[in-house]
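J.: Quick one: structure below, then a few questions.
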Amino acid sequence: MFIELFAFWTLSQGLFLVLSAILGYFLHNRLSVRIVSFVNNWINLPLIFLVTYLQRGFEVSDAKIFLTSVIYNFLMFAIVLYLTREIEPFSRGSVLINSIFMNTINLPFSILLAFRGNYEISATVAVAMATLRLPIVMIIFTYLNKGISVIHNTTNNSIIRTNLSRYLPVITFLIGGSLHYVVGSVINVDIVNTINLILILIVLYEFGYQIRRVIGEMRIKDVTSKPYMIIYISRILISPILIFLILISLGITSKIIIEQVMVTAIMAPAITNVVWARVYGFGTEIIVKSTLILTPISTIIAIIFLILY
């Protein structure tokens, strides 16, 4: 009876998540876009990490996952830097960003919530990747431009806002995990999962209208060039193989940890990569189009992986 109820609830969650993305795709206007974007950046994502780690606290495995993320980011940077050696800096920066920085929140959380009912390890990966994203982008920017500023169409305030919104989840992760040892688990797992489901539904709504915004710009001849192919190979092939080898080399053999980290590694580039590319003066077209192409492909691959693993 319990197994049947769990299966029904898991299926229902999956349907709600799909429905939210569909609503975002078909039902949105300029006001709803601005409101949802603000809520997701400044309230929603930080709150997900706060309630998750307030209930969970920190665990020993978190340190190894952070180490895995550090090794992964710098090895991916080195590999993609070599693969893109013949691409001009404006496009090369975009390829580096989209090859290294995967979607660590809305897609993997949604898939794991629907198929496993839990994504707490994936949340740790998300925090680690978010912590490393700014330093890696700055390294890319400095290397490609030899320290010369080429930031276009932005202001110091917009850069500060982008960086602050990126680090809010890291801040709430630290606050939530610390408070866990002060006040204890003041909320149980079921309440956390329900709150996070509601929050992720809002994230998926935004994801739906982001797809609608760029879907009309697709041209086959544009998205099969070398920069795009490097992103496809990096995200679908190199990323999961590399992160699996890192996990094994660090002695991480837990099925739950491996499957949640692997699902994140398989993911398409992050939607927010377009913001980083714009802020640091790289091309946004490659970012948007490659993300749109890889999102359904990586989702299918991740689901197949969970079914077979």
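Ordering of the structure tokens sets the chain letters (A, B, ...), residue numbers begin anew at 1 in every chain, and ligands are numbered from 1 in the order given.
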For Phe77 (chain A), list every protein, DNA or RNA residue within 10 Å, evaluated using only C-alpha atoms, and leave out those in the same chain fewer than 5 positions away; present the list as a VMD selection string.
T.: chain A and resid 71 to 72 82 to 83 96 to 97 99 to 101 136 139 to 140
J.: I need the residues of region 24-266 of chain A that end up classed as helix (DSSP H, G or I) by DSSP on the backbone, written out as an NGL selection string.
T.: :A and (24-26 or 30-56 or 60-83 or 89-100 or 106-115 or 120-145 or 156-183 or 189-217 or 226-249 or 255-266)
J.: Hey, what's within 6 Å of region 22-37 of chain A if we count only C-alpha atoms and toss same-chain stuff fewer than 4 positions away? As a ChimeraX atom specification, please?
T.: /A:205-206,208-209,212
J.: For Leu54 (chain A), list every protein, DNA or RNA residue within 9 Å, evaluated using only C-alpha atoms, and leave out those in the same chain fewer than 4 positions away; present the list as a list in words.
T.: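 Surrounding residues, per the criterion: Phe49, Leu50, Phe173, Ile175, Gly176, Gly177, Ser178, Leu179, His180, Tyr181, Val183, Gly184, Ser185, Val186 and Ile187 of chain A.
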J.: Selected residues, all heavy atoms, written as an mmCIF file, in the first residue's frame, please.
T.:
```cif
data_model
loop_
_atom_site.group_PDB
_atom_site.id
_atom_site.type_symbol
_atom_site.label_atom_id
_atom_site.label_comp_id
_atom_site.auth_asym_id
_atom_site.auth_seq_id
_atom_site.Cartn_x
_atom_site.Cartn_y
_atom_site.Cartn_z
ATOM 1 N N PHE A 49 17.370 26.215 -0.835
ATOM 2 C CA PHE A 49 18.569 25.781 -0.112
ATOM 3 C C PHE A 49 18.422 25.993 1.393
ATOM 4 O O PHE A 49 18.919 25.186 2.185
ATOM 5 C CB PHE A 49 19.785 26.532 -0.646
ATOM 6 C CG PHE A 49 20.186 26.087 -2.021
ATOM 7 C CD1 PHE A 49 19.750 26.769 -3.141
ATOM 8 C CD2 PHE A 49 20.971 24.961 -2.193
ATOM 9 C CE1 PHE A 49 20.102 26.349 -4.410
ATOM 10 C CE2 PHE A 49 21.335 24.538 -3.456
ATOM 11 C CZ PHE A 49 20.894 25.237 -4.570
ATOM 12 N N LEU A 50 17.734 27.048 1.786
ATOM 13 C CA LEU A 50 17.553 27.317 3.210
ATOM 14 C C LEU A 50 16.764 26.199 3.883
ATOM 15 O O LEU A 50 17.210 25.635 4.891
ATOM 16 C CB LEU A 50 16.840 28.656 3.409
ATOM 17 C CG LEU A 50 16.563 29.048 4.868
ATOM 18 C CD1 LEU A 50 17.879 29.290 5.606
ATOM 19 C CD2 LEU A 50 15.674 30.287 4.938
ATOM 20 N N PHE A 173 22.434 28.390 1.917
ATOM 21 C CA PHE A 173 22.927 27.043 2.202
ATOM 22 C C PHE A 173 23.715 27.041 3.511
ATOM 23 O O PHE A 173 23.512 26.188 4.391
ATOM 24 C CB PHE A 173 23.793 26.570 1.033
ATOM 25 C CG PHE A 173 24.828 25.536 1.390
ATOM 26 C CD1 PHE A 173 24.466 24.223 1.624
ATOM 27 C CD2 PHE A 173 26.171 25.879 1.469
ATOM 28 C CE1 PHE A 173 25.428 23.269 1.945
ATOM 29 C CE2 PHE A 173 27.134 24.939 1.783
ATOM 30 C CZ PHE A 173 26.754 23.632 2.022
ATOM 31 N N ILE A 175 23.597 29.355 5.926
ATOM 32 C CA ILE A 175 22.714 29.746 7.036
ATOM 33 C C ILE A 175 21.849 28.566 7.468
ATOM 34 O O ILE A 175 21.737 28.246 8.655
ATOM 35 C CB ILE A 175 21.827 30.940 6.630
ATOM 36 C CG1 ILE A 175 22.682 32.197 6.440
ATOM 37 C CG2 ILE A 175 20.748 31.189 7.691
ATOM 38 C CD1 ILE A 175 21.914 33.377 5.879
ATOM 39 N N GLY A 176 21.205 27.911 6.479
ATOM 40 C CA GLY A 176 20.330 26.779 6.796
ATOM 41 C C GLY A 176 21.070 25.640 7.459
ATOM 42 O O GLY A 176 20.621 25.087 8.472
ATOM 43 N N GLY A 177 22.249 25.279 6.900
ATOM 44 C CA GLY A 177 23.029 24.193 7.483
ATOM 45 C C GLY A 177 23.522 24.513 8.878
ATOM 46 O O GLY A 177 23.543 23.641 9.758
ATOM 47 N N SER A 178 23.883 25.769 9.122
ATOM 48 C CA SER A 178 24.352 26.177 10.452
ATOM 49 C C SER A 178 23.215 26.187 11.467
ATOM 50 O O SER A 178 23.383 25.721 12.604
ATOM 51 C CB SER A 178 24.998 27.563 10.378
ATOM 52 O OG SER A 178 26.097 27.572 9.494
ATOM 53 N N LEU A 179 22.059 26.719 11.047
ATOM 54 C CA LEU A 179 20.901 26.768 11.961
ATOM 55 C C LEU A 179 20.423 25.377 12.346
ATOM 56 O O LEU A 179 19.843 25.189 13.423
ATOM 57 C CB LEU A 179 19.757 27.548 11.316
ATOM 58 C CG LEU A 179 19.902 29.075 11.271
ATOM 59 C CD1 LEU A 179 18.723 29.693 10.520
ATOM 60 C CD2 LEU A 179 19.988 29.651 12.687
ATOM 61 N N HIS A 180 20.662 24.402 11.491
ATOM 62 C CA HIS A 180 20.262 23.028 11.796
ATOM 63 C C HIS A 180 20.877 22.561 13.111
ATOM 64 O O HIS A 180 20.243 21.839 13.890
ATOM 65 C CB HIS A 180 20.695 22.098 10.653
ATOM 66 C CG HIS A 180 20.511 20.640 10.950
ATOM 67 N ND1 HIS A 180 19.303 19.997 10.799
ATOM 68 C CD2 HIS A 180 21.389 19.702 11.411
ATOM 69 C CE1 HIS A 180 19.442 18.722 11.140
ATOM 70 N NE2 HIS A 180 20.694 18.518 11.515
ATOM 71 N N TYR A 181 22.107 22.994 13.376
ATOM 72 C CA TYR A 181 22.803 22.559 14.592
ATOM 73 C C TYR A 181 22.510 23.467 15.788
ATOM 74 O O TYR A 181 22.919 23.168 16.905
ATOM 75 C CB TYR A 181 24.305 22.504 14.321
ATOM 76 C CG TYR A 181 24.642 21.524 13.211
ATOM 77 C CD1 TYR A 181 24.881 21.984 11.919
ATOM 78 C CD2 TYR A 181 24.659 20.164 13.455
ATOM 79 C CE1 TYR A 181 25.163 21.086 10.895
ATOM 80 C CE2 TYR A 181 24.933 19.260 12.446
ATOM 81 C CZ TYR A 181 25.181 19.725 11.163
ATOM 82 O OH TYR A 181 25.438 18.835 10.151
ATOM 83 N N VAL A 183 19.031 25.051 16.117
ATOM 84 C CA VAL A 183 17.614 24.852 16.449
ATOM 85 C C VAL A 183 17.136 23.440 16.149
ATOM 86 O O VAL A 183 16.002 23.077 16.483
ATOM 87 C CB VAL A 183 16.729 25.865 15.695
ATOM 88 C CG1 VAL A 183 17.101 27.275 16.093
ATOM 89 C CG2 VAL A 183 16.853 25.693 14.178
ATOM 90 N N GLY A 184 17.990 22.610 15.479
ATOM 91 C CA GLY A 184 17.600 21.255 15.146
ATOM 92 C C GLY A 184 16.727 21.215 13.901
ATOM 93 O O GLY A 184 16.520 22.212 13.213
ATOM 94 N N SER A 185 16.183 20.042 13.614
ATOM 95 C CA SER A 185 15.313 19.862 12.451
ATOM 96 C C SER A 185 13.901 20.339 12.793
ATOM 97 O O SER A 185 13.029 19.547 13.176
ATOM 98 C CB SER A 185 15.290 18.392 12.015
ATOM 99 O OG SER A 185 16.577 17.959 11.661
ATOM 100 N N VAL A 186 13.680 21.640 12.681
ATOM 101 C CA VAL A 186 12.394 22.216 13.070
ATOM 102 C C VAL A 186 11.295 21.910 12.054
ATOM 103 O O VAL A 186 10.115 22.106 12.323
ATOM 104 C CB VAL A 186 12.508 23.745 13.261
ATOM 105 C CG1 VAL A 186 13.391 24.047 14.448
ATOM 106 C CG2 VAL A 186 13.041 24.414 12.010
ATOM 107 N N ILE A 187 11.672 21.443 10.860
ATOM 108 C CA ILE A 187 10.681 21.024 9.872
ATOM 109 C C ILE A 187 11.041 19.625 9.397
ATOM 110 O O ILE A 187 12.213 19.284 9.247
ATOM 111 C CB ILE A 187 10.619 21.990 8.670
ATOM 112 C CG1 ILE A 187 12.021 22.297 8.135
ATOM 113 C CG2 ILE A 187 9.919 23.282 9.050
ATOM 114 C CD1 ILE A 187 12.039 23.223 6.933
#
```
J.: How many Å lie between CA of Thr104 (chain A) and CA of Ala126 (chain A), rounded to one decimal?
T.: 5.0 Å
J.: By how many Å are CA of Val263 (chain A) and CA of Arg85 (chain A) apart?
T.: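 CA of Val263 (chain A) sits 28.8 Å away from CA of Arg85 (chain A).
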